[in-house]
file start_26.cif (mmCIF, C-alpha atoms)
data_my_file
#
loop_
_atom_site.label_atom_id
_atom_site.label_comp_id
_atom_site.auth_asym_id
_atom_site.auth_seq_id
_atom_site.Cartn_x
_atom_site.Cartn_y
_atom_site.Cartn_z
CA GLY A 1 -0.88 1.86 8.09
CA GLU A 2 -3.43 4.58 7.86
CA SER A 3 -2.96 7.41 10.27
CA VAL A 4 -3.96 10.85 11.29
CA GLY A 5 -1.40 13.62 10.86
CA LEU A 6 -1.00 17.32 11.43
CA HIS A 7 0.42 19.93 9.07
CA LEU A 8 2.08 22.16 11.66
CA PRO A 9 3.89 20.92 14.74
CA THR A 10 3.99 24.36 16.40
CA LEU A 11 1.89 27.47 16.15
CA SER A 12 2.53 30.83 17.76
CA VAL A 13 -0.24 33.43 17.84
CA GLN A 14 -0.82 36.71 19.56
CA GLU A 15 -3.44 37.03 22.22
CA GLY A 16 -6.73 38.04 20.70
CA ASP A 17 -5.97 36.65 17.26
CA ASN A 18 -7.72 33.65 15.80
CA SER A 19 -5.90 30.30 15.66
CA ILE A 20 -6.28 27.61 13.07
CA ILE A 21 -4.90 24.14 13.65
CA ASN A 22 -5.01 21.67 10.80
CA CYS A 23 -5.16 17.91 10.59
CA ALA A 24 -5.10 15.47 7.71
CA TYR A 25 -6.52 12.00 7.96
CA SER A 26 -6.15 9.12 5.58
CA ASN A 27 -8.77 6.61 6.66
CA SER A 28 -11.85 7.28 4.58
CA ALA A 29 -13.81 4.91 6.81
CA SER A 30 -13.49 7.25 9.80
CA ASP A 31 -16.85 8.66 10.73
CA TYR A 32 -16.10 10.50 13.93
CA PHE A 33 -13.45 13.05 14.77
CA ILE A 34 -12.52 14.75 17.99
CA TRP A 35 -10.22 17.58 18.97
CA TYR A 36 -8.47 17.35 22.31
CA LYS A 37 -6.45 19.87 24.28
CA GLN A 38 -3.62 18.62 26.44
CA GLU A 39 -1.85 20.78 28.96
CA SER A 40 1.53 19.78 30.29
CA GLY A 41 1.36 16.80 32.64
CA LYS A 42 -2.35 16.29 32.18
CA GLY A 43 -4.62 14.00 30.24
CA PRO A 44 -6.36 15.12 27.03
CA GLN A 45 -9.40 17.29 27.47
CA PHE A 46 -12.30 17.07 25.05
CA ILE A 47 -12.86 20.25 23.04
CA ILE A 48 -15.26 19.50 20.23
CA ASP A 49 -16.27 16.65 17.98
CA ILE A 50 -17.81 16.23 14.57
CA ARG A 51 -19.38 13.36 12.70
CA SER A 52 -18.77 12.59 9.08
CA ASN A 53 -22.28 13.64 8.05
CA MET A 54 -21.43 17.22 9.02
CA ASP A 55 -18.92 19.70 7.63
CA LYS A 56 -18.97 22.28 10.38
CA ARG A 57 -19.69 22.41 14.06
CA GLN A 58 -19.38 25.30 16.46
CA GLY A 59 -18.81 25.48 20.15
CA GLN A 60 -17.84 28.23 22.50
CA ARG A 61 -15.01 30.11 20.71
CA VAL A 62 -14.16 26.96 18.75
CA THR A 63 -15.22 25.71 15.35
CA VAL A 64 -14.35 22.44 13.70
CA LEU A 65 -14.44 22.10 9.94
CA LEU A 66 -14.43 18.80 8.13
CA ASN A 67 -13.63 18.45 4.45
CA LYS A 68 -14.18 14.85 3.52
CA THR A 69 -13.19 15.41 -0.10
CA VAL A 70 -9.60 16.12 0.83
CA LYS A 71 -9.71 14.36 4.21
CA HIS A 72 -8.92 17.47 6.16
CA LEU A 73 -9.97 18.62 9.58
CA SER A 74 -9.34 21.97 11.22
CA LEU A 75 -9.88 23.57 14.59
CA GLN A 76 -10.46 27.28 14.75
CA ILE A 77 -10.12 29.11 18.04
CA ALA A 78 -11.50 32.62 18.12
CA ALA A 79 -9.90 35.39 20.18
CA THR A 80 -7.13 33.13 21.41
CA GLN A 81 -6.25 33.55 25.07
CA PRO A 82 -3.11 32.65 27.06
CA GLY A 83 -5.07 29.82 28.64
CA ASP A 84 -5.41 28.26 25.21
CA SER A 85 -1.67 27.51 25.15
CA ALA A 86 -1.41 23.72 25.03
CA VAL A 87 -0.90 20.84 22.65
CA TYR A 88 -3.88 20.07 20.46
CA PHE A 89 -4.57 16.64 19.05
CA CYS A 90 -7.05 15.56 16.48
CA ALA A 91 -8.29 12.01 16.81
CA GLU A 92 -10.29 9.83 14.51
CA ASN A 93 -12.42 6.86 15.19
CA PRO A 94 -12.20 4.54 12.19
CA SER A 95 -13.95 1.65 13.82
CA GLY A 96 -16.22 3.16 16.41
CA TYR A 97 -13.91 2.00 19.13
CA ALA A 98 -10.40 3.07 20.08
CA LEU A 99 -9.24 6.50 18.99
CA ASN A 100 -6.32 7.06 16.65
CA PHE A 101 -4.44 10.22 17.57
CA GLY A 102 -2.55 12.59 15.36
CA LYS A 103 0.91 13.90 16.19
CA GLY A 104 -0.22 17.06 17.91
CA THR A 105 0.29 20.80 17.46
CA SER A 106 1.74 22.94 20.17
CA LEU A 107 -0.10 26.26 20.40
CA LEU A 108 1.71 29.14 22.06
CA VAL A 109 -0.22 32.31 22.77
CA THR A 110 1.92 35.38 23.27
CA PRO A 111 0.73 38.58 24.95
CA GLY B 1 -18.96 15.39 30.89
CA ALA B 2 -18.14 12.06 32.41
CA VAL B 3 -15.27 11.88 34.92
CA VAL B 4 -12.40 9.44 34.77
CA SER B 5 -9.98 9.38 37.68
CA GLN B 6 -6.50 7.95 37.49
CA HIS B 7 -4.25 7.14 40.41
CA PRO B 8 -1.49 7.79 41.22
CA SER B 9 -0.72 10.92 39.24
CA TRP B 10 2.96 10.21 39.52
CA VAL B 11 5.14 7.40 40.84
CA ILE B 12 8.85 6.68 41.11
CA CYS B 13 9.96 3.09 41.44
CA LYS B 14 13.15 1.09 41.35
CA SER B 15 14.12 -1.13 38.43
CA GLY B 16 12.72 -4.60 38.77
CA THR B 17 9.72 -3.65 40.85
CA SER B 18 6.09 -3.57 39.76
CA VAL B 19 3.76 -0.61 39.70
CA LYS B 20 -0.02 -0.61 39.59
CA ILE B 21 -2.02 2.24 38.06
CA GLU B 22 -5.76 2.54 38.62
CA CYS B 23 -8.35 4.01 36.32
CA ARG B 24 -11.86 4.64 37.60
CA SER B 25 -15.00 5.93 35.96
CA LEU B 26 -16.61 7.99 38.68
CA ASP B 27 -20.10 8.73 37.42
CA PHE B 28 -20.75 6.15 34.77
CA GLN B 29 -20.14 2.51 34.03
CA ALA B 30 -17.46 1.68 31.52
CA THR B 31 -17.43 -1.75 29.98
CA THR B 32 -14.47 -0.68 27.90
CA MET B 33 -11.43 1.30 28.93
CA PHE B 34 -8.29 2.07 27.00
CA TRP B 35 -4.69 2.44 28.09
CA TYR B 36 -2.35 4.78 26.27
CA ARG B 37 1.31 5.58 26.59
CA GLN B 38 2.81 8.95 25.76
CA PHE B 39 6.48 9.84 25.50
CA PRO B 40 7.59 13.49 25.78
CA LYS B 41 6.52 15.66 22.86
CA GLN B 42 4.81 12.73 21.21
CA SER B 43 1.27 11.64 20.65
CA LEU B 44 -0.75 9.08 22.55
CA MET B 45 -0.18 5.50 21.49
CA LEU B 46 -2.83 2.93 22.27
CA MET B 47 -1.43 0.07 24.31
CA ALA B 48 -4.46 -2.06 25.02
CA THR B 49 -8.21 -2.21 25.29
CA SER B 50 -9.55 -3.30 28.62
CA ASN B 51 -12.85 -5.17 28.63
CA GLU B 52 -14.81 -5.76 31.80
CA GLY B 53 -14.95 -9.43 32.65
CA SER B 54 -12.68 -10.60 29.86
CA LYS B 55 -9.07 -10.49 28.75
CA ALA B 56 -7.59 -7.29 27.49
CA THR B 57 -6.75 -6.83 23.84
CA TYR B 58 -3.20 -5.65 23.28
CA GLU B 59 -1.85 -3.66 20.38
CA GLN B 60 0.93 -5.07 18.29
CA GLY B 61 4.29 -4.76 19.99
CA VAL B 62 2.90 -4.39 23.51
CA GLU B 63 3.98 -7.19 25.84
CA LYS B 64 0.93 -8.52 27.63
CA ASP B 65 3.04 -10.24 30.29
CA LYS B 66 4.76 -6.99 31.11
CA PHE B 67 1.71 -4.74 31.09
CA LEU B 68 -0.95 -6.61 33.00
CA ILE B 69 -4.47 -5.27 32.68
CA ASN B 70 -7.37 -6.18 34.90
CA HIS B 71 -10.90 -4.88 34.46
CA ALA B 72 -12.72 -6.54 37.31
CA SER B 73 -15.64 -4.15 37.59
CA LEU B 74 -17.57 -1.68 35.46
CA THR B 75 -15.81 1.24 37.08
CA LEU B 76 -12.24 0.10 37.55
CA SER B 77 -9.41 -0.98 35.29
CA THR B 78 -5.83 -1.43 36.47
CA LEU B 79 -2.56 -1.47 34.59
CA THR B 80 0.39 -3.15 36.29
CA VAL B 81 3.84 -2.57 34.88
CA THR B 82 5.80 -5.62 35.96
CA SER B 83 9.54 -5.75 36.42
CA ALA B 84 9.80 -2.11 35.43
CA HIS B 85 12.89 -0.80 33.69
CA PRO B 86 13.99 2.78 32.94
CA GLU B 87 12.71 2.47 29.36
CA ASP B 88 9.22 1.98 30.80
CA SER B 89 9.34 5.52 32.15
CA SER B 90 6.53 7.35 30.43
CA PHE B 91 3.17 9.05 30.84
CA TYR B 92 0.37 6.50 31.03
CA ILE B 93 -3.17 7.62 30.34
CA CYS B 94 -6.44 5.74 30.55
CA SER B 95 -9.74 6.56 28.95
CA ALA B 96 -13.26 5.23 29.00
CA LEU B 97 -16.08 5.45 26.51
CA GLY B 98 -18.84 7.77 27.62
CA GLY B 99 -22.17 6.55 28.84
CA THR B 100 -23.84 7.60 25.59
CA GLY B 101 -22.25 4.66 23.87
CA TRP B 102 -20.84 6.84 21.14
CA ALA B 103 -17.17 7.12 20.51
CA GLU B 104 -16.40 10.08 22.71
CA ALA B 105 -13.71 9.08 25.15
CA PHE B 106 -13.05 10.67 28.51
CA PHE B 107 -9.53 10.66 29.79
CA GLY B 108 -7.91 10.34 33.17
CA GLN B 109 -5.35 12.88 34.26
CA GLY B 110 -2.47 10.54 33.49
CA THR B 111 0.26 8.87 35.55
CA ARG B 112 3.88 9.89 35.24
CA LEU B 113 5.99 6.78 35.82
CA THR B 114 9.71 7.18 36.45
CA VAL B 115 11.80 4.05 36.87
CA VAL B 116 15.20 4.59 38.47
#

call {"tool": "encode", "arguments": {"input": "start_26.cif", "output": "structure tokens"}}
result
Amino acid sequence: GESVGLHLPTLSVQEGDNSIINCAYSNSASDYFIWYKQESGKGPQFIIDIRSNMDKRQGQRVTVLLNKTVKHLSLQIAATQPGDSAVYFCAENPSGYALNFGKGTSLLVTP
Amino acid sequence: GAVVSQHPSWVICKSGTSVKIECRSLDFQATTMFWYRQFPKQSLMLMATSNEGSKATYEQGVEKDKFLINHASLTLSTLTVTSAHPEDSSFYICSALGGTGWAEAFFGQGTRLTVV
């Protein structure tokens, strides 16, 4: 079936650098996308979302880019900090109801 | 953002017993809640959709008689794992749609179930 996937399962960056986490989706009907951060033993935490009528959205230190032509989503984290170390999931909402999660990328921030 | 509370955060039970997990929306009413299961180093897999006042909708492959869901009020959904076995050990997470009615989902902190 259609699914959401990630290009990189793990990402290691140095503190202060920018991080880019990528996600590919295959359901062209999806009109809403969310990035979540999950720390070990905890539930997912909302980071930022974007709707299909937008191609960029910025938050505090985070930016989400959406390329509908190639069905690609990315999360950019500026000036990555040790507290950013976690697993990041993209999720799509193809039906306006339950979320479909990608596989996840583990981000490790080294000092 | 909206707050979803899940209880307990962890539980250990013996094989053959049943375990109930609660999911509460603390500052908003949730007509729909979702239950996910997550194995180590894997993504969240939707188990079922819990609808207030009606039967839950289960995803393919999820046994409805084993994972009983009750959504008796607008702020509480429960998941009961019946006759638990070691293979049921997992991280169970609930979520609820935000009060805006859009698709943003707020998640509970998860319940680590270990069946021994």

call {"tool": "residues_around", "arguments": {"input": "start_26.cif", "residues": "A:Gly104", "least_positions_apart": "4", "cutoff": "7 Å", "atoms": "all atoms listed in the file", "output": "list of chain:residue names"}}
result
A:Leu6, A:Pro9, A:Val87, A:Tyr88, A:Phe89, B:Ser43

call {"tool": "interface_residues", "arguments": {"input": "start_26.cif", "of": "chain A", "to": "chain B", "cutoff": "12 Å", "atoms": "only C-alpha atoms", "output": "PDB file with C-alpha atoms, in the frame of the given file"}}
result
ATOM      1  CA  SER A   3      -2.960   7.410  10.270  1.00  0.00           C
ATOM      2  CA  VAL A   4      -3.960  10.850  11.290  1.00  0.00           C
ATOM      3  CA  GLY A   5      -1.400  13.620  10.860  1.00  0.00           C
ATOM      4  CA  LEU A   6      -1.000  17.320  11.430  1.00  0.00           C
ATOM      5  CA  PRO A   9       3.890  20.920  14.740  1.00  0.00           C
ATOM      6  CA  THR A  10       3.990  24.360  16.400  1.00  0.00           C
ATOM      7  CA  SER A  30     -13.490   7.250   9.800  1.00  0.00           C
ATOM      8  CA  ASP A  31     -16.850   8.660  10.730  1.00  0.00           C
ATOM      9  CA  TYR A  32     -16.100  10.500  13.930  1.00  0.00           C
ATOM     10  CA  PHE A  33     -13.450  13.050  14.770  1.00  0.00           C
ATOM     11  CA  ILE A  34     -12.520  14.750  17.990  1.00  0.00           C
ATOM     12  CA  TRP A  35     -10.220  17.580  18.970  1.00  0.00           C
ATOM     13  CA  TYR A  36      -8.470  17.350  22.310  1.00  0.00           C
ATOM     14  CA  LYS A  37      -6.450  19.870  24.280  1.00  0.00           C
ATOM     15  CA  GLN A  38      -3.620  18.620  26.440  1.00  0.00           C
ATOM     16  CA  GLU A  39      -1.850  20.780  28.960  1.00  0.00           C
ATOM     17  CA  SER A  40       1.530  19.780  30.290  1.00  0.00           C
ATOM     18  CA  GLY A  41       1.360  16.800  32.640  1.00  0.00           C
ATOM     19  CA  LYS A  42      -2.350  16.290  32.180  1.00  0.00           C
ATOM     20  CA  GLY A  43      -4.620  14.000  30.240  1.00  0.00           C
ATOM     21  CA  PRO A  44      -6.360  15.120  27.030  1.00  0.00           C
ATOM     22  CA  GLN A  45      -9.400  17.290  27.470  1.00  0.00           C
ATOM     23  CA  PHE A  46     -12.300  17.070  25.050  1.00  0.00           C
ATOM     24  CA  ILE A  47     -12.860  20.250  23.040  1.00  0.00           C
ATOM     25  CA  ILE A  48     -15.260  19.500  20.230  1.00  0.00           C
ATOM     26  CA  ASP A  49     -16.270  16.650  17.980  1.00  0.00           C
ATOM     27  CA  ILE A  50     -17.810  16.230  14.570  1.00  0.00           C
ATOM     28  CA  ARG A  51     -19.380  13.360  12.700  1.00  0.00           C
ATOM     29  CA  ALA A  86      -1.410  23.720  25.030  1.00  0.00           C
ATOM     30  CA  VAL A  87      -0.900  20.840  22.650  1.00  0.00           C
ATOM     31  CA  TYR A  88      -3.880  20.070  20.460  1.00  0.00           C
ATOM     32  CA  PHE A  89      -4.570  16.640  19.050  1.00  0.00           C
ATOM     33  CA  CYS A  90      -7.050  15.560  16.480  1.00  0.00           C
ATOM     34  CA  ALA A  91      -8.290  12.010  16.810  1.00  0.00           C
ATOM     35  CA  GLU A  92     -10.290   9.830  14.510  1.00  0.00           C
ATOM     36  CA  ASN A  93     -12.420   6.860  15.190  1.00  0.00           C
ATOM     37  CA  PRO A  94     -12.200   4.540  12.190  1.00  0.00           C
ATOM     38  CA  SER A  95     -13.950   1.650  13.820  1.00  0.00           C
ATOM     39  CA  GLY A  96     -16.220   3.160  16.410  1.00  0.00           C
ATOM     40  CA  TYR A  97     -13.910   2.000  19.130  1.00  0.00           C
ATOM     41  CA  ALA A  98     -10.400   3.070  20.080  1.00  0.00           C
ATOM     42  CA  LEU A  99      -9.240   6.500  18.990  1.00  0.00           C
ATOM     43  CA  ASN A 100      -6.320   7.060  16.650  1.00  0.00           C
ATOM     44  CA  PHE A 101      -4.440  10.220  17.570  1.00  0.00           C
ATOM     45  CA  GLY A 102      -2.550  12.590  15.360  1.00  0.00           C
ATOM     46  CA  LYS A 103       0.910  13.900  16.190  1.00  0.00           C
ATOM     47  CA  GLY A 104      -0.220  17.060  17.910  1.00  0.00           C
ATOM     48  CA  THR A 105       0.290  20.800  17.460  1.00  0.00           C
ATOM     49  CA  SER A 106       1.740  22.940  20.170  1.00  0.00           C
TER      50      SER A 106
END

call {"tool": "residues_around", "arguments": {"input": "start_26.cif", "residues": "B:Thr82", "least_positions_apart": "3", "cutoff": "10 Å", "atoms": "only C-alpha atoms", "output": "list in words"}}
result
Ser15, Gly16, Thr17, Ser18, Val19, Lys20, Asp65, Lys66, Phe67, Leu68, Leu79, His85 and Asp88 of chain B

call {"tool": "residues_around", "arguments": {"input": "start_26.cif", "residues": "B:Ser77", "least_positions_apart": "6", "cutoff": "6 Å", "atoms": "all atoms listed in the file", "output": "PDB file with C-alpha atoms, in the coordinates of the input"}}
result
ATOM      1  CA  CYS B  23      -8.350   4.010  36.320  1.00  0.00           C
ATOM      2  CA  ASN B  70      -7.370  -6.180  34.900  1.00  0.00           C
ATOM      3  CA  HIS B  71     -10.900  -4.880  34.460  1.00  0.00           C
TER       4      HIS B  71
END

call {"tool": "resolve_selection", "arguments": {"input": "start_26.cif", "expression": "the PyMOL selection byres ((chain A and resi 81) around 8)", "output": "list of chain:residue names"}}
result
A:Glu15, A:Gly16, A:Ala79, A:Thr80, A:Pro82, A:Gly83, A:Asp84, A:Ser85, A:Val109

call {"tool": "closest_residue", "arguments": {"input": "start_26.cif", "among": "B:Ser90, B:Val116, B:Leu74, B:Glu22", "to": "B:Gln38", "atoms": "only C-alpha atoms"}}
result
B:Ser90

call {"tool": "residues_around", "arguments": {"input": "start_26.cif", "residues": "B:Arg24", "least_positions_apart": "4", "cutoff": "6 Å", "atoms": "only C-alpha atoms", "output": "list of chain:residue names"}}
result
B:Val4, B:Ser5, B:Thr75, B:Leu76
